[in-house]
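S.K.: Got a structure for you, start_31.cif, holding mmCIF, C-alpha atoms and all ligand atoms.
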data_protein
#
loop_
_atom_site.label_atom_id
_atom_site.label_comp_id
_atom_site.auth_asym_id
_atom_site.auth_seq_id
_atom_site.Cartn_x
_atom_site.Cartn_y
_atom_site.Cartn_z
CA MET A 1 -8.50 9.37 29.53
CA GLU A 2 -6.64 6.25 28.45
CA LYS A 3 -2.97 6.90 27.75
CA VAL A 4 -2.23 3.75 25.80
CA LEU A 5 -2.02 3.29 22.04
CA LYS A 6 -3.51 0.04 20.82
CA LYS A 7 -3.55 0.47 17.06
CA LYS A 8 -0.43 0.14 14.96
CA LEU A 9 1.10 3.33 13.66
CA LYS A 10 1.03 3.86 9.89
CA VAL A 11 4.36 5.18 8.68
CA GLY A 12 5.43 6.30 5.22
CA ILE A 13 9.10 5.56 4.55
CA SER A 14 11.64 6.23 1.83
CA GLU A 15 11.80 2.87 0.13
CA CYS A 16 15.61 2.73 0.12
CA CYS A 17 15.47 2.79 3.97
CA PHE A 18 13.23 -0.26 4.01
CA GLY A 19 15.79 -2.59 2.48
CA ALA A 20 14.82 -2.01 -1.17
CA LYS A 21 17.76 -1.51 -3.53
CA VAL A 22 16.25 1.49 -5.27
CA ARG A 23 18.91 4.16 -4.89
CA TYR A 24 20.46 5.64 -8.02
CA ASN A 25 23.43 3.26 -7.61
CA GLY A 26 21.29 0.17 -6.97
CA LYS A 27 21.91 0.18 -3.24
CA GLY A 28 19.52 0.30 -0.27
CA PHE A 29 19.58 0.26 3.55
CA ASP A 30 17.50 -1.60 6.10
CA TYR A 31 17.04 0.89 8.94
CA VAL A 32 13.79 -0.66 10.12
CA LYS A 33 15.54 -3.80 11.35
CA ASN A 34 16.92 -1.65 14.18
CA PHE A 35 13.50 -1.64 15.82
CA GLY A 36 13.76 -5.41 16.44
CA ARG A 37 10.56 -6.63 18.13
CA GLU A 38 9.29 -3.04 18.39
CA ASN A 39 8.87 -3.19 14.63
CA GLU A 40 5.49 -4.80 15.26
CA GLN A 41 4.16 -1.44 16.36
CA PHE A 42 4.30 -0.08 12.80
CA VAL A 43 2.74 -0.63 9.41
CA PHE A 44 5.14 0.69 6.80
CA TYR A 45 4.31 2.26 3.45
CA PRO A 46 7.55 2.28 1.44
CA MET A 47 7.71 4.61 -1.56
CA CYS A 48 10.42 5.90 -3.87
CA PRO A 49 9.55 9.14 -5.70
CA GLU A 50 12.44 8.78 -8.15
CA CYS A 51 11.35 5.26 -9.14
CA LEU A 52 7.75 6.43 -9.44
CA ALA A 53 9.00 9.23 -11.69
CA GLY A 54 10.17 6.50 -14.08
CA LEU A 55 13.89 7.20 -13.59
CA GLY A 56 14.76 3.51 -13.11
CA VAL A 57 17.42 1.69 -11.08
CA PRO A 58 20.30 2.28 -11.52
CA ARG A 59 19.87 5.84 -12.79
CA THR A 60 21.87 8.95 -13.49
CA PRO A 61 21.85 10.96 -10.22
CA ILE A 62 19.68 14.03 -10.10
CA SER A 63 20.09 17.33 -8.27
CA ILE A 64 18.24 20.58 -7.69
CA LYS A 65 19.41 23.46 -9.88
CA GLY A 66 18.77 27.03 -8.76
CA GLY A 67 17.17 26.62 -5.35
CA SER A 68 15.50 24.19 -2.93
CA GLY A 69 12.77 21.59 -3.38
CA GLN A 70 10.30 24.28 -2.29
CA ASP A 71 11.61 26.51 -5.09
CA VAL A 72 11.09 23.62 -7.51
CA LEU A 73 7.44 23.43 -6.41
CA GLU A 74 7.08 27.17 -6.89
CA GLY A 75 8.52 26.98 -10.41
CA LYS A 76 11.72 28.84 -9.48
CA ALA A 77 14.19 25.92 -9.72
CA LYS A 78 14.61 22.74 -11.74
CA ILE A 79 15.57 19.12 -11.17
CA LYS A 80 18.10 17.83 -13.64
CA ASN A 81 20.16 14.69 -13.97
CA LYS A 82 23.90 14.64 -14.51
CA THR A 83 23.50 14.62 -18.29
CA GLY A 84 21.42 17.80 -18.08
CA GLU A 85 18.03 16.17 -18.71
CA ASP A 86 15.21 18.10 -17.05
CA VAL A 87 13.09 15.71 -14.93
CA THR A 88 11.28 18.40 -12.92
CA GLU A 89 7.79 17.63 -14.14
CA LYS A 90 8.12 13.87 -13.72
CA LEU A 91 9.50 14.21 -10.19
CA ILE A 92 6.85 16.67 -9.01
CA LYS A 93 4.17 14.34 -10.35
CA ALA A 94 5.69 11.38 -8.49
CA CYS A 95 6.04 13.34 -5.22
CA ASN A 96 2.42 14.49 -5.50
CA PHE A 97 1.41 10.86 -6.01
CA CYS A 98 3.30 9.86 -2.81
CA LEU A 99 1.70 12.69 -0.83
CA GLU A 100 -1.81 11.85 -2.02
CA LEU A 101 -1.27 8.21 -1.13
CA LEU A 102 -0.10 9.15 2.37
CA LYS A 103 -3.01 11.51 2.91
CA SER A 104 -5.58 9.06 1.56
CA GLU A 105 -4.39 6.50 4.13
CA ASP A 106 -4.38 9.13 6.88
CA ILE A 107 -0.62 8.77 7.35
CA TYR A 108 1.16 11.72 8.96
CA ILE A 109 4.46 10.11 9.98
CA TYR A 110 7.32 9.77 7.48
CA MET A 111 10.79 8.26 7.85
CA TYR A 112 12.99 9.88 5.26
CA LYS A 113 16.42 9.39 3.77
CA GLU A 114 18.48 12.48 4.38
CA GLY A 115 20.70 13.80 1.59
CA SER A 116 18.32 13.19 -1.32
CA PRO A 117 17.00 15.93 -3.64
CA SER A 118 13.65 14.13 -3.42
CA CYS A 119 13.26 12.74 0.14
CA GLY A 120 15.81 14.87 2.05
CA VAL A 121 14.55 17.35 4.63
CA TYR A 122 17.59 19.15 6.06
CA ARG A 123 20.13 18.14 3.40
CA THR A 124 19.85 17.29 -0.26
CA THR A 125 23.35 15.93 -0.70
CA LEU A 126 25.50 13.49 1.25
CA LYS A 127 28.76 14.91 -0.09
CA ASP A 128 31.19 16.08 2.58
CA LYS A 129 29.55 18.37 5.11
CA ARG A 130 27.55 20.27 2.54
CA LEU A 131 23.81 20.55 3.02
CA GLY A 132 22.84 21.06 -0.63
CA ASN A 133 19.57 22.93 -1.17
CA PRO A 134 17.20 21.58 1.48
CA PRO A 135 14.48 20.54 1.62
CA GLY A 136 14.06 18.07 -1.24
CA VAL A 137 10.86 18.10 -3.27
CA LEU A 138 8.93 15.49 -1.24
CA GLY A 139 10.60 16.81 1.93
CA ALA A 140 9.16 20.28 1.22
CA MET A 141 5.68 18.84 0.77
CA LEU A 142 5.87 16.85 4.01
CA LEU A 143 7.12 19.86 5.99
CA LYS A 144 4.27 21.98 4.66
CA GLU A 145 1.70 19.34 5.59
CA GLY A 146 2.98 19.12 9.20
CA PHE A 147 4.19 15.50 9.08
CA PHE A 148 6.10 14.03 12.02
CA LEU A 149 9.41 13.54 10.26
CA VAL A 150 12.00 10.99 11.33
CA CYS A 151 15.47 10.89 9.80
CA ALA A 152 15.93 7.16 9.08
CA ASP A 153 19.68 7.36 9.90
CA ASP A 154 18.70 8.21 13.50
CA LEU A 155 17.13 4.76 13.88
CA GLU A 156 20.66 3.34 14.17
CA SER A 157 21.15 4.99 17.57
CA PRO A 158 19.42 3.15 20.46
CA ILE A 159 18.83 6.39 22.40
CA LYS A 160 17.52 8.32 19.41
CA ARG A 161 15.31 5.33 18.57
CA TRP A 162 13.86 5.34 22.09
CA ASP A 163 13.31 9.09 21.86
CA ILE A 164 11.62 8.76 18.46
CA ARG A 165 9.25 6.01 19.65
CA ARG A 166 8.09 7.78 22.78
CA ARG A 167 7.57 11.07 20.89
CA LEU A 168 5.75 9.26 18.10
CA ASN A 169 3.43 7.64 20.63
CA ALA A 170 2.77 10.97 22.32
CA PHE A 171 2.29 12.73 18.98
CA VAL A 172 -0.24 10.23 17.66
CA TRP A 173 -2.13 10.22 20.95
CA ALA A 174 -2.21 14.03 21.20
CA ARG A 175 -3.27 14.36 17.57
CA GLU A 176 -6.11 11.85 17.82
CA VAL A 177 -7.43 12.14 21.38
CA GLU A 178 -10.84 13.75 21.65
CA ILE A 179 -10.68 17.23 23.19
CA GLU A 180 -14.08 18.85 23.46
CA ASN A 181 -13.65 21.28 26.32
CA LYS A 182 -11.23 23.06 28.60
CA ASN A 183 -11.07 20.24 31.14
CA GLN A 184 -10.13 17.69 28.50
CA LEU A 185 -7.49 20.08 27.17
CA TYR A 186 -6.04 20.37 30.69
CA ASN A 187 -6.02 16.60 31.04
CA VAL A 188 -4.10 16.23 27.78
CA TRP A 189 -1.60 18.89 28.86
CA HIS A 190 -1.26 17.28 32.28
CA ALA A 191 -0.39 13.97 30.60
CA LEU A 192 2.20 15.49 28.27
CA LYS A 193 3.69 18.42 30.12
CA PHE A 194 6.72 16.61 31.58
CA LEU A 195 7.68 15.35 28.15
CA CYS A 196 7.15 18.83 26.68
CA GLN A 197 9.26 20.39 29.45
CA GLU A 198 12.08 18.04 28.61
CA LEU A 199 11.88 18.76 24.87
CA ASP A 200 11.56 22.55 25.04
CA GLU A 201 11.33 24.02 28.50
CA LYS A 202 10.75 27.60 27.34
CA ALA A 203 7.94 26.73 24.93
CA ALA A 204 6.37 24.37 27.49
CA ARG A 205 6.45 27.00 30.21
CA SER A 206 4.88 29.61 27.93
CA LEU A 207 2.17 27.16 26.86
CA GLY A 208 1.51 26.13 30.47
CA ASN A 209 1.05 29.80 31.43
CA LYS A 210 -1.34 30.42 28.55
CA LEU A 211 -3.39 27.37 29.49
CA SER A 212 -3.63 28.34 33.13
CA ASN A 213 -5.11 31.72 32.10
CA LEU A 214 -7.69 30.27 29.75
CA ASN A 215 -11.26 31.44 30.01
CA ASP A 216 -13.90 29.98 27.73
CA THR A 217 -12.45 27.83 24.99
CA GLN A 218 -13.91 27.53 21.52
CA LYS A 219 -13.20 24.54 19.29
CA GLU A 220 -10.69 26.56 17.22
CA ASP A 221 -8.80 27.59 20.39
CA ILE A 222 -8.56 23.97 21.43
CA GLU A 223 -7.13 23.00 18.05
CA LYS A 224 -4.67 25.89 18.26
CA TYR A 225 -3.37 24.62 21.62
CA ARG A 226 -3.28 21.06 20.33
CA GLN A 227 -1.03 22.24 17.47
CA LEU A 228 1.30 23.99 19.93
CA ILE A 229 1.66 20.76 21.90
CA LEU A 230 2.34 18.81 18.68
CA ASP A 231 4.98 21.35 17.64
CA ILE A 232 6.88 20.75 20.88
CA ILE A 233 6.64 16.95 20.55
CA ARG A 234 8.19 17.11 17.06
CA LYS A 235 11.45 18.34 18.64
CA PRO A 236 14.04 15.68 19.50
CA SER A 237 15.63 15.46 22.94
CA ASN A 238 19.30 14.79 23.61
CA LEU A 239 21.37 12.36 25.61
CA SER A 240 22.00 14.52 28.66
CA ARG A 241 18.33 15.48 29.04
CA ILE A 242 17.23 11.87 28.60
CA LYS A 243 19.74 10.70 31.23
CA ALA A 244 18.57 13.42 33.64
CA TRP A 245 14.93 12.44 33.18
CA LEU A 246 15.63 8.75 33.65
CA TRP A 247 17.22 9.54 36.98
CA LYS A 248 14.45 11.95 37.96
CA ASN A 249 11.71 9.42 37.18
CA TYR A 250 13.56 6.73 39.06
CA SER A 251 14.25 9.01 42.05
CA TYR A 252 10.53 9.80 42.39
CA TYR A 253 9.73 6.10 42.25
CA ARG A 254 12.42 5.22 44.82
CA LYS A 255 11.26 7.92 47.21
CA TYR A 256 7.58 7.09 46.81
CA LYS A 257 7.97 3.31 47.14
CA GLY A 258 10.97 3.33 49.44
CA ILE A 259 12.75 0.65 47.40
CA GLU A 260 15.81 0.52 45.18
CA LEU A 261 15.73 -1.13 41.75
CA ASP A 262 18.77 -2.76 40.22
CA ILE A 263 17.60 -1.90 36.69
CA VAL A 264 18.78 1.73 36.84
CA LYS A 265 22.43 2.61 37.37
CA GLU A 266 23.66 5.74 39.15
CA PRO A 267 23.96 8.79 36.83
CA THR A 268 27.74 8.76 37.27
CA ASP A 269 28.10 5.08 36.23
CA LEU A 270 29.56 4.71 32.78
CA ARG A 271 27.51 2.60 30.39
CA SER A 272 26.81 2.37 26.68
CA ASN A 273 23.80 4.01 25.05
CA THR A 274 22.42 0.55 24.33
CA ILE A 275 22.40 -0.24 28.07
CA LEU A 276 20.90 3.16 28.84
CA ALA A 277 18.08 2.57 26.35
CA GLU A 278 17.43 -0.83 27.98
CA GLU A 279 17.19 0.84 31.41
CA LEU A 280 14.66 3.33 30.04
CA ILE A 281 12.49 0.60 28.56
CA LYS A 282 12.69 -1.60 31.67
CA LEU A 283 11.78 1.26 33.99
CA GLU A 284 8.89 2.52 31.88
CA ASN A 285 7.51 -1.03 31.60
CA LYS A 286 7.85 -1.64 35.33
CA LEU A 287 6.11 1.61 36.19
CA TYR A 288 3.35 0.91 33.67
CA ASN A 289 2.76 -2.57 35.15
CA GLU A 290 2.49 -1.03 38.61
CA GLY A 291 -0.02 1.57 37.44
CA TYR A 292 2.29 4.61 37.30
CA SER A 293 3.15 6.71 34.34
CA PHE A 294 6.75 7.44 33.36
CA GLY A 295 6.64 11.24 33.15
CA SER A 296 8.83 11.65 30.11
CA SER A 297 7.34 8.79 28.06
CA PRO A 298 3.70 9.10 29.06
CA ILE A 299 2.07 7.25 26.16
CA LEU A 300 2.96 3.62 25.58
CA TYR A 301 2.05 1.21 22.82
CA ARG A 302 0.29 -1.89 24.06
CA GLY A 303 -1.08 -3.45 20.90
CA LYS A 304 -1.51 -7.15 20.34
CA ARG A 305 1.76 -8.83 19.54
S1 LIG B 401 16.00 8.75 -1.05
FE1 LIG B 401 13.90 8.70 -1.81
S2 LIG B 401 14.06 8.97 -4.02
FE2 LIG B 401 16.10 8.41 -3.27
S3 LIG B 401 16.18 6.18 -3.50
FE3 LIG B 401 15.47 6.62 -1.43
S4 LIG B 401 13.25 6.55 -1.60
FE4 LIG B 401 14.04 6.77 -3.67
#
For this file, produce the structure as structure tokens.
M.R.:
Amino acid sequence: MEKVLKKKLKVGISECCFGAKVRYNGKGFDYVKNFGRENEQFVFYPMCPECLAGLGVPRTPISIKGGSGQDVLEGKAKIKNKTGEDVTEKLIKACNFCLELLKSEDIYIYMYKEGSPSCGVYRTTLKDKRLGNPPGVLGAMLLKEGFFLVCADDLESPIKRWDIRRRLNAFVWAREVEIENKNQLYNVWHALKFLCQELDEKAARSLGNKLSNLNDTQKEDIEKYRQLILDIIRKPSNLSRIKAWLWKNYSYYRKYKGIELDIVKEPTDLRSNTILAEELIKLENKLYNEGYSFGSSPILYRGKR
């Protein structure tokens, strides 16, 4: 079972995060530049629901009135602009267009701009610490369809970026790898279990127990277990767990090979998150080149550059 991704990942992205000046105030952000050379791993599909709804740039800001984006889709809330104009129908149509486009291209990863009544997932406003009425309209659709959702603001943090890439790789691999029988399911779990343990130890332990008690597996059971693995991989890690796993991976290597590497500092050494992310990448590359797998980032991208 090859644990390497060779094809580029297709990613839908809120257009204002891709450098396009399409926000209501004519501004935009380039979050993708943070990937640097790693950018080559992705093919981006930028889209702006509010532009596609014909609202123009610049435009009067819109907001959800009377509920969340999900309520809008269920006919229980409205989208209005600041002058009171009802743009609900136009916006739903545009969000449906975006979703159909994503699905027709078999895209199930989306990098969204948080704080928007259209693209936001956990907030629909950026004002103060308020959350607004999450999710936004497109955000609600993407959640329902089981997309791997990445908050574009997180791409500015080197550690979060590393975490996002390794989970994306694992997610795509786990979603697409052929699993026909119990043995193949075990092999997939074996490849991903250390990552899953890091992300959600309780869920991983429960899943591991269920798998070890499996009898005959039907196709639908296999897909059910695949979904449980994907659900764990959607969850982000945090700095302390990532640091602990870096040291654990390195300690295994050091013990097994009997050699020290100067690319990983002691856990107690102070260093920036940028340096820490570099250590992670260097160690996972070194292990890959020597034929080992880095337990907490088991699936790497090795496409043509
Ligand atoms: S958040 Fe979404 S709707 Fe708003 S400008 Fe960005 S892409 Fe367009």
S.K.: As a list in words, please: the residues near region 197-204 of chain A (cut-off 9 Å, all atoms listed in the file, same-chain neighbours under 4 positions excluded).
M.R.: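 The residues that qualify are Leu192, Lys193, Gly208, Asn209, Leu228, Ile229, Ile232, Ile233, Arg234, Lys235, Pro236, Ser237, Asn238, Arg241, Ile242, Trp245 and Ser296 of chain A.
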S.K.: Set the distance at 8 Å and use only C-alpha atoms: which residues neighbour region 248-265 of chain A once local chain neighbours fewer than 4 positions away are removed? I'd like the list as a list in words.
M.R.: Ala244, Asp269, Glu279, Lys282, Leu283, Phe294, Gly295 and Ser296 of chain A
S.K.: Taking all atoms listed in the file into account, which residues are within 9 Å of ligand LIG 401 (chain B), as a count of residues only?
M.R.: 33
S.K.: From the list A:Glu38, A:Glu278, A:Glu89, A:Asp106, which residue is nearest Arg175 (chain A) when using all atoms listed in the file?
M.R.: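 Among A:Glu38, A:Glu278, A:Glu89, A:Asp106, it is A:Asp106 that comes nearest to Arg175 (chain A).
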S.K.: Counting only C-alpha atoms, which of A:Trp247, A:Phe194, A:Phe29, A:Phe148 gets nearest to Leu276 (chain A)?
M.R.: A:Trp247
S.K.: List the neighbours of Leu9 (chain A) out to 10 Å using only C-alpha atoms; skip same-chain residues closer than 2 positions along the sequence, and give me the result as an MDAnalysis selection string.
M.R.: chainID A and resid 5:7 11:12 40:44 107:109 168:169 172 301
S.K.: Need the shell around region 1-3 of chain A: protein/DNA/RNA residues with any atom at most 12 Å away, counting all atoms listed in the file. Skip same-chain ones fewer than 2 positions apart. Format as a ChimeraX atom specification?
M.R.: /A:5-6,169-174,176-179,183-192,288,291-295,297-302
S.K.: What does the file look like for those residues with C-alpha atoms, as a short mmCIF file (atom, residue, chain, number, x, y, z; two decimals), in the frame of the given file?
M.R.:
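Okay, this is what ended up in result_37.cif:
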data_model
loop_
_atom_site.label_atom_id
_atom_site.label_comp_id
_atom_site.auth_asym_id
_atom_site.auth_seq_id
_atom_site.Cartn_x
_atom_site.Cartn_y
_atom_site.Cartn_z
CA LEU A 5 -2.02 3.29 22.04
CA LYS A 6 -3.51 0.04 20.82
CA ASN A 169 3.43 7.64 20.63
CA ALA A 170 2.77 10.97 22.32
CA PHE A 171 2.29 12.73 18.98
CA VAL A 172 -0.24 10.23 17.66
CA TRP A 173 -2.13 10.22 20.95
CA ALA A 174 -2.21 14.03 21.20
CA GLU A 176 -6.11 11.85 17.82
CA VAL A 177 -7.43 12.14 21.38
CA GLU A 178 -10.84 13.75 21.65
CA ILE A 179 -10.68 17.23 23.19
CA ASN A 183 -11.07 20.24 31.14
CA GLN A 184 -10.13 17.69 28.50
CA LEU A 185 -7.49 20.08 27.17
CA TYR A 186 -6.04 20.37 30.69
CA ASN A 187 -6.02 16.60 31.04
CA VAL A 188 -4.10 16.23 27.78
CA TRP A 189 -1.60 18.89 28.86
CA HIS A 190 -1.26 17.28 32.28
CA ALA A 191 -0.39 13.97 30.60
CA LEU A 192 2.20 15.49 28.27
CA TYR A 288 3.35 0.91 33.67
CA GLY A 291 -0.02 1.57 37.44
CA TYR A 292 2.29 4.61 37.30
CA SER A 293 3.15 6.71 34.34
CA PHE A 294 6.75 7.44 33.36
CA GLY A 295 6.64 11.24 33.15
CA SER A 297 7.34 8.79 28.06
CA PRO A 298 3.70 9.10 29.06
CA ILE A 299 2.07 7.25 26.16
CA LEU A 300 2.96 3.62 25.58
CA TYR A 301 2.05 1.21 22.82
CA ARG A 302 0.29 -1.89 24.06
#
S.K.: What is the CA of Lys65 (chain A)-CA of Asn133 (chain A) distance in Å, reported with one decimal?
M.R.: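 Between CA of Lys65 (chain A) and CA of Asn133 (chain A) the gap is 8.7 Å.
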S.K.: May I have the residues within 7 Å of Trp162 (chain A) as a VMD selection string, using only C-alpha atoms and disregarding those fewer than 4 positions away in the same chain?
M.R.: chain A and resid 158 166 277
S.K.: Those residues with C-alpha atoms, as a PDB file, keeping the file's coordinate frame please?
M.R.:
ATOM      1  CA  PRO A 158      19.420   3.150  20.460  1.00  0.00           C
ATOM      2  CA  ARG A 166       8.090   7.780  22.780  1.00  0.00           C
ATOM      3  CA  ALA A 277      18.080   2.570  26.350  1.00  0.00           C
TER       4      ALA A 277
END
S.K.: Which distance in Å separates CA of Asp153 (chain A) and CA of Tyr31 (chain A), to one decimal?
M.R.: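 The value is 7.1 Å.
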S.K.: Between A:Thr83, A:Asn39, A:Asn273, A:Ser206, single out the one closest to Ile159 (chain A), counting all atoms listed in the file.
M.R.: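 Going through A:Thr83, A:Asn39, A:Asn273, A:Ser206 one by one, the smallest distance to Ile159 (chain A) is for A:Asn273.
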S.K.: Could you check how far CA of Glu220 (chain A) sits from CA of Ile164 (chain A), in Å to one decimal?
M.R.: 28.6 Å
